[in-house]
There are 2 protein chains.
Amino acid sequence: MSAIETERPLRIGEVAELVGTTARTIRYYEEIGLLPGSAEREQGQHRFYTQADVERVREIVRLRDLLGLSLEQLSRLLEAESARAELRREWKLADSGAERARILEEALEHVGTQLELVHGRRVELEQLEAELVAKRGSLRERLAELAV
Amino acid sequence: MSAIETERPLRIGEVAELVGTTARTIRYYEEIGLLPGSAEREQGQHRFYTQADVERVREIVRLRDLLGLSLEQLSRLLEAESARAELRREWKLADSGAERARILEEALEHVGTQLELVHGRRVELEQLEAELVAKRGSLRERLAELAV
DNA sequence: CGCTATCCTTACGTTTACGTAAAGTAGAGA
DNA sequence: TCTCTACTTTACGTAAACGTAAGGATAGCG
């Protein structure tokens, strides 16, 4: 998986295609603060993205599709990610172990929040699936009984 | 769970409260064909619901919240339910075993469709959950390493 | 039979999550 | 340096899923 090319910057259209969405959507997500939007970009200049950015967009789309949250709720849930990006920067500057521990603990909490939500959803779906399986079983039974 | 009272007909407001939604939503679902809407009701008369109707609404809301489908997609998925209600009526008239077998088989297929979708969703969520658990694990590890 | 709460229909309003069009600009390659 | 494509911003459009308000009718109770 290592790179032939050294992180060629991607344009918004390429990112969109890679992720399976549209440029408009990516701009929109930036507009509402779901995506960061590089600070050193001035009016009119093109947006450029790294591979990490692509991953981020991918994750957002994934969560959007899997959990049924509004983008605002998703935004709050992803303070996690936004914060983690921020923390990664801080990480490099932090020298004391205590500093680093604090950063890791925050990250842990964020992941915990996400996990709770995802776990809850999964359990609900599992429950529903079980009920459907049961229903199917009973139908099959009745069908078998008819075939005596 | 047996009844003190014999199926008192419910009004739309009661149903809404029981399910945790609004009367408007129930009317809307009827409007777009997601809910049947009793045929023998004339212009201006109140809607009345049975306990079975409540269950149906509950299931719709549940599916709406758990799967991220549009109401139209949900509608198609629930041809299942609508059809099954219809089939239940037919059931009482059907005398030949072959007839009954056909009805059961159709029901089975509908349940199968739903199950496929729900199962797929669950697997995706499970995958996501696993990834999050892994992430948490790695964070914990790094945190422990700091504390040596 | 009258009262009142809840319902009815009709219709316009609202939010979310983008789509789409227009007019102009940036940037990679020849 | 020119050119062409993919980008930029601005702004209006839209579909889905209801919310809400108005004006009037119904159903159960006393």
# chains A, B, ... in the order shown; residues from 1 in each chain; ligands from 1

call {"tool": "residues_around", "arguments": {"residues": "D:DC7", "least_positions_apart": "2", "cutoff": "9 Å", "atoms": "only C-alpha atoms (C1' of nucleotides)", "output": "MDAnalysis selection string"}}
result
(chainID A and resid 11:13 44:47) or (chainID C and resid 25:26) or (chainID D and resid 5)

call {"tool": "write_last_selection", "arguments": {"atoms": "C-alpha atoms (C1' of nucleotides)", "output": "mmCIF file, in the first residue's frame"}}
result
data_model
loop_
_atom_site.group_PDB
_atom_site.id
_atom_site.type_symbol
_atom_site.label_atom_id
_atom_site.label_comp_id
_atom_site.auth_asym_id
_atom_site.auth_seq_id
_atom_site.Cartn_x
_atom_site.Cartn_y
_atom_site.Cartn_z
ATOM 1 C CA ARG A 11 -8.583 18.396 -6.154
ATOM 2 C CA ILE A 12 -12.127 18.441 -4.878
ATOM 3 C CA GLY A 13 -13.486 16.556 -7.860
ATOM 4 C CA GLY A 44 -10.926 32.079 -5.174
ATOM 5 C CA GLN A 45 -8.077 29.629 -4.857
ATOM 6 C CA HIS A 46 -8.624 25.939 -5.395
ATOM 7 C CA ARG A 47 -9.065 23.555 -2.526
ATOM 8 C "C1'" DT C 25 -10.670 32.465 -12.193
ATOM 9 C "C1'" DA C 26 -6.809 29.281 -11.186
ATOM 10 C "C1'" DT D 5 -10.391 22.135 -17.932
#

call {"tool": "interface_residues", "arguments": {"of": "chain D", "to": "chain B", "cutoff": "7 Å", "atoms": "only C-alpha atoms (C1' of nucleotides)", "output": "NGL selection string"}}
result
:D and (18 or 25-26)

call {"tool": "write_last_selection", "arguments": {"atoms": "C-alpha atoms (C1' of nucleotides)", "output": "compact mmCIF listing (two decimals), in the first residue's frame"}}
result
# COMPACT_ATOMS: atom_id res chain seq x y z
C1' DC D 18 -43.20 16.97 8.31
C1' DA D 25 -67.21 19.13 11.91
C1' DT D 26 -67.68 14.89 14.97

call {"tool": "atom_distance", "arguments": {"atom1": "atom CA of B:Gly137", "atom2": "atom CA of A:Ala107"}}
result
11.6 Å

call {"tool": "atom_distance", "arguments": {"atom1": "atom CA of B:Val19", "atom2": "atom CA of A:Glu124"}}
result
16.9 Å

call {"tool": "closest_atom_pairs", "arguments": {"of": "chain B", "to": "chain A", "cutoff": "6 Å", "atoms": "only C-alpha atoms", "output": "tab-separated table"}}
result
residue	atom	partner	partner_atom	distance
B:Gly68	CA	A:Gly68	CA	5.6
B:Arg122	CA	A:Leu125	CA	5.8
B:Leu125	CA	A:Arg122	CA	5.8

call {"tool": "interface_residues", "arguments": {"of": "chain C", "to": "chain B", "cutoff": "8 Å", "atoms": "only C-alpha atoms (C1' of nucleotides)", "output": "PyMOL selection string"}}
result
chain C and resi 7-9

call {"tool": "residues_around", "arguments": {"residues": "D:DC12", "least_positions_apart": "5", "cutoff": "12 Å", "atoms": "only C-alpha atoms (C1' of nucleotides)", "output": "ChimeraX atom specification"}}
result
/C:19-22

call {"tool": "select_by_dssp", "arguments": {"residues": "stretch 2-134 of chain B", "states": "strand (DSSP E)", "output": "PDB file with N, CA and C atoms, in the first residue's frame"}}
result
ATOM      1  N   LEU B  10     -59.019   3.389  19.115  1.00  0.00           N
ATOM      2  CA  LEU B  10     -58.174   4.512  19.519  1.00  0.00           C
ATOM      3  C   LEU B  10     -58.270   5.652  18.518  1.00  0.00           C
ATOM      4  N   ARG B  11     -58.125   6.850  19.039  1.00  0.00           N
ATOM      5  CA  ARG B  11     -58.110   8.003  18.153  1.00  0.00           C
ATOM      6  C   ARG B  11     -56.668   8.315  17.760  1.00  0.00           C
ATOM      7  N   PHE B  48     -60.173   5.870  13.280  1.00  0.00           N
ATOM      8  CA  PHE B  48     -60.067   5.009  14.449  1.00  0.00           C
ATOM      9  C   PHE B  48     -59.085   3.888  14.192  1.00  0.00           C
ATOM     10  N   TYR B  49     -58.409   3.503  15.262  1.00  0.00           N
ATOM     11  CA  TYR B  49     -57.333   2.531  15.107  1.00  0.00           C
ATOM     12  C   TYR B  49     -57.461   1.381  16.091  1.00  0.00           C
TER      13      TYR B  49
END

call {"tool": "atom_distance", "arguments": {"atom1": "atom CA of A:Glu14", "atom2": "atom CA of A:Arg27"}}
result
13.2 Å

call {"tool": "residues_around", "arguments": {"residues": "D:DT3", "least_positions_apart": "4", "cutoff": "12 Å", "atoms": "only C-alpha atoms (C1' of nucleotides)", "output": "ChimeraX atom specification"}}
result
/C:27-30

call {"tool": "write_last_selection", "arguments": {"atoms": "C-alpha atoms (C1' of nucleotides)", "output": "compact mmCIF listing (two decimals), in the first residue's frame"}}
result
# COMPACT_ATOMS: atom_id res chain seq x y z
C1' DG C 27 -3.50 26.04 -12.54
C1' DA C 28 -1.23 22.20 -15.09
C1' DG C 29 0.42 21.22 -19.50
C1' DA C 30 1.87 22.36 -24.58

call {"tool": "select_by_dssp", "arguments": {"residues": "stretch 16-106 of chain B", "states": "helix (DSSP H, G or I)", "output": "VMD selection string"}}
result
chain B and resid 16 to 19 23 to 31 51 to 66 71 to 93 97 to 106

call {"tool": "write_last_selection", "arguments": {"atoms": "C-alpha atoms", "output": "PDB file, in the first residue's frame"}}
result
ATOM      1  CA  ALA B  16     -49.471   9.179  18.208  1.00  0.00           C
ATOM      2  CA  GLU B  17     -48.727   9.422  21.890  1.00  0.00           C
ATOM      3  CA  LEU B  18     -48.441   5.676  22.311  1.00  0.00           C
ATOM      4  CA  VAL B  19     -45.949   5.446  19.490  1.00  0.00           C
ATOM      5  CA  ALA B  23     -50.946  12.936  14.504  1.00  0.00           C
ATOM      6  CA  ARG B  24     -49.660  14.863  11.531  1.00  0.00           C
ATOM      7  CA  THR B  25     -47.063  12.224  10.862  1.00  0.00           C
ATOM      8  CA  ILE B  26     -49.634   9.462  10.969  1.00  0.00           C
ATOM      9  CA  ARG B  27     -51.889  11.329   8.574  1.00  0.00           C
ATOM     10  CA  TYR B  28     -48.929  11.984   6.341  1.00  0.00           C
ATOM     11  CA  TYR B  29     -48.010   8.331   6.263  1.00  0.00           C
ATOM     12  CA  GLU B  30     -51.549   7.508   5.312  1.00  0.00           C
ATOM     13  CA  GLU B  31     -51.426  10.190   2.658  1.00  0.00           C
ATOM     14  CA  GLN B  51     -54.087  -2.188  18.653  1.00  0.00           C
ATOM     15  CA  ALA B  52     -52.746  -3.915  15.567  1.00  0.00           C
ATOM     16  CA  ASP B  53     -52.640  -0.576  13.806  1.00  0.00           C
ATOM     17  CA  VAL B  54     -50.582   0.811  16.648  1.00  0.00           C
ATOM     18  CA  GLU B  55     -48.120  -2.019  16.224  1.00  0.00           C
ATOM     19  CA  ARG B  56     -47.878  -1.280  12.577  1.00  0.00           C
ATOM     20  CA  VAL B  57     -47.141   2.376  13.127  1.00  0.00           C
ATOM     21  CA  ARG B  58     -44.615   1.429  15.738  1.00  0.00           C
ATOM     22  CA  GLU B  59     -42.826  -0.853  13.319  1.00  0.00           C
ATOM     23  CA  ILE B  60     -42.735   1.790  10.640  1.00  0.00           C
ATOM     24  CA  VAL B  61     -41.235   4.324  12.991  1.00  0.00           C
ATOM     25  CA  ARG B  62     -38.744   1.778  14.171  1.00  0.00           C
ATOM     26  CA  LEU B  63     -37.627   0.892  10.691  1.00  0.00           C
ATOM     27  CA  ARG B  64     -37.511   4.539   9.748  1.00  0.00           C
ATOM     28  CA  ASP B  65     -35.192   5.272  12.633  1.00  0.00           C
ATOM     29  CA  LEU B  66     -33.001   2.204  12.310  1.00  0.00           C
ATOM     30  CA  LEU B  71     -40.246   6.866   3.170  1.00  0.00           C
ATOM     31  CA  GLU B  72     -40.633   5.810  -0.411  1.00  0.00           C
ATOM     32  CA  GLN B  73     -38.008   3.115  -0.102  1.00  0.00           C
ATOM     33  CA  LEU B  74     -39.565   2.135   3.176  1.00  0.00           C
ATOM     34  CA  SER B  75     -42.874   1.938   1.397  1.00  0.00           C
ATOM     35  CA  ARG B  76     -41.499  -0.529  -1.065  1.00  0.00           C
ATOM     36  CA  LEU B  77     -39.879  -2.539   1.663  1.00  0.00           C
ATOM     37  CA  LEU B  78     -43.199  -2.671   3.454  1.00  0.00           C
ATOM     38  CA  GLU B  79     -45.183  -3.846   0.530  1.00  0.00           C
ATOM     39  CA  ALA B  80     -44.328  -6.763   2.677  1.00  0.00           C
ATOM     40  CA  GLU B  81     -46.532  -5.652   5.527  1.00  0.00           C
ATOM     41  CA  SER B  82     -49.269  -4.168   3.413  1.00  0.00           C
ATOM     42  CA  ALA B  83     -49.341  -7.295   1.378  1.00  0.00           C
ATOM     43  CA  ARG B  84     -49.330  -9.453   4.461  1.00  0.00           C
ATOM     44  CA  ALA B  85     -52.363  -7.688   5.846  1.00  0.00           C
ATOM     45  CA  GLU B  86     -54.062  -8.351   2.562  1.00  0.00           C
ATOM     46  CA  LEU B  87     -52.911 -11.931   2.606  1.00  0.00           C
ATOM     47  CA  ARG B  88     -54.254 -12.482   6.081  1.00  0.00           C
ATOM     48  CA  ARG B  89     -57.675 -11.669   4.734  1.00  0.00           C
ATOM     49  CA  GLU B  90     -57.230 -14.000   1.836  1.00  0.00           C
ATOM     50  CA  TRP B  91     -56.035 -16.639   4.227  1.00  0.00           C
ATOM     51  CA  LYS B  92     -59.451 -17.065   5.804  1.00  0.00           C
ATOM     52  CA  LEU B  93     -61.035 -17.595   2.430  1.00  0.00           C
ATOM     53  CA  GLY B  97     -53.655 -26.181   0.803  1.00  0.00           C
ATOM     54  CA  ALA B  98     -51.952 -24.992  -2.341  1.00  0.00           C
ATOM     55  CA  GLU B  99     -53.540 -21.587  -1.950  1.00  0.00           C
ATOM     56  CA  ARG B 100     -52.369 -21.345   1.609  1.00  0.00           C
ATOM     57  CA  ALA B 101     -48.909 -22.499   0.721  1.00  0.00           C
ATOM     58  CA  ARG B 102     -48.633 -19.784  -1.883  1.00  0.00           C
ATOM     59  CA  ILE B 103     -49.662 -17.156   0.633  1.00  0.00           C
ATOM     60  CA  LEU B 104     -47.115 -18.357   3.133  1.00  0.00           C
ATOM     61  CA  GLU B 105     -44.417 -18.411   0.529  1.00  0.00           C
ATOM     62  CA  GLU B 106     -45.070 -14.848  -0.433  1.00  0.00           C
TER      63      GLU B 106
END
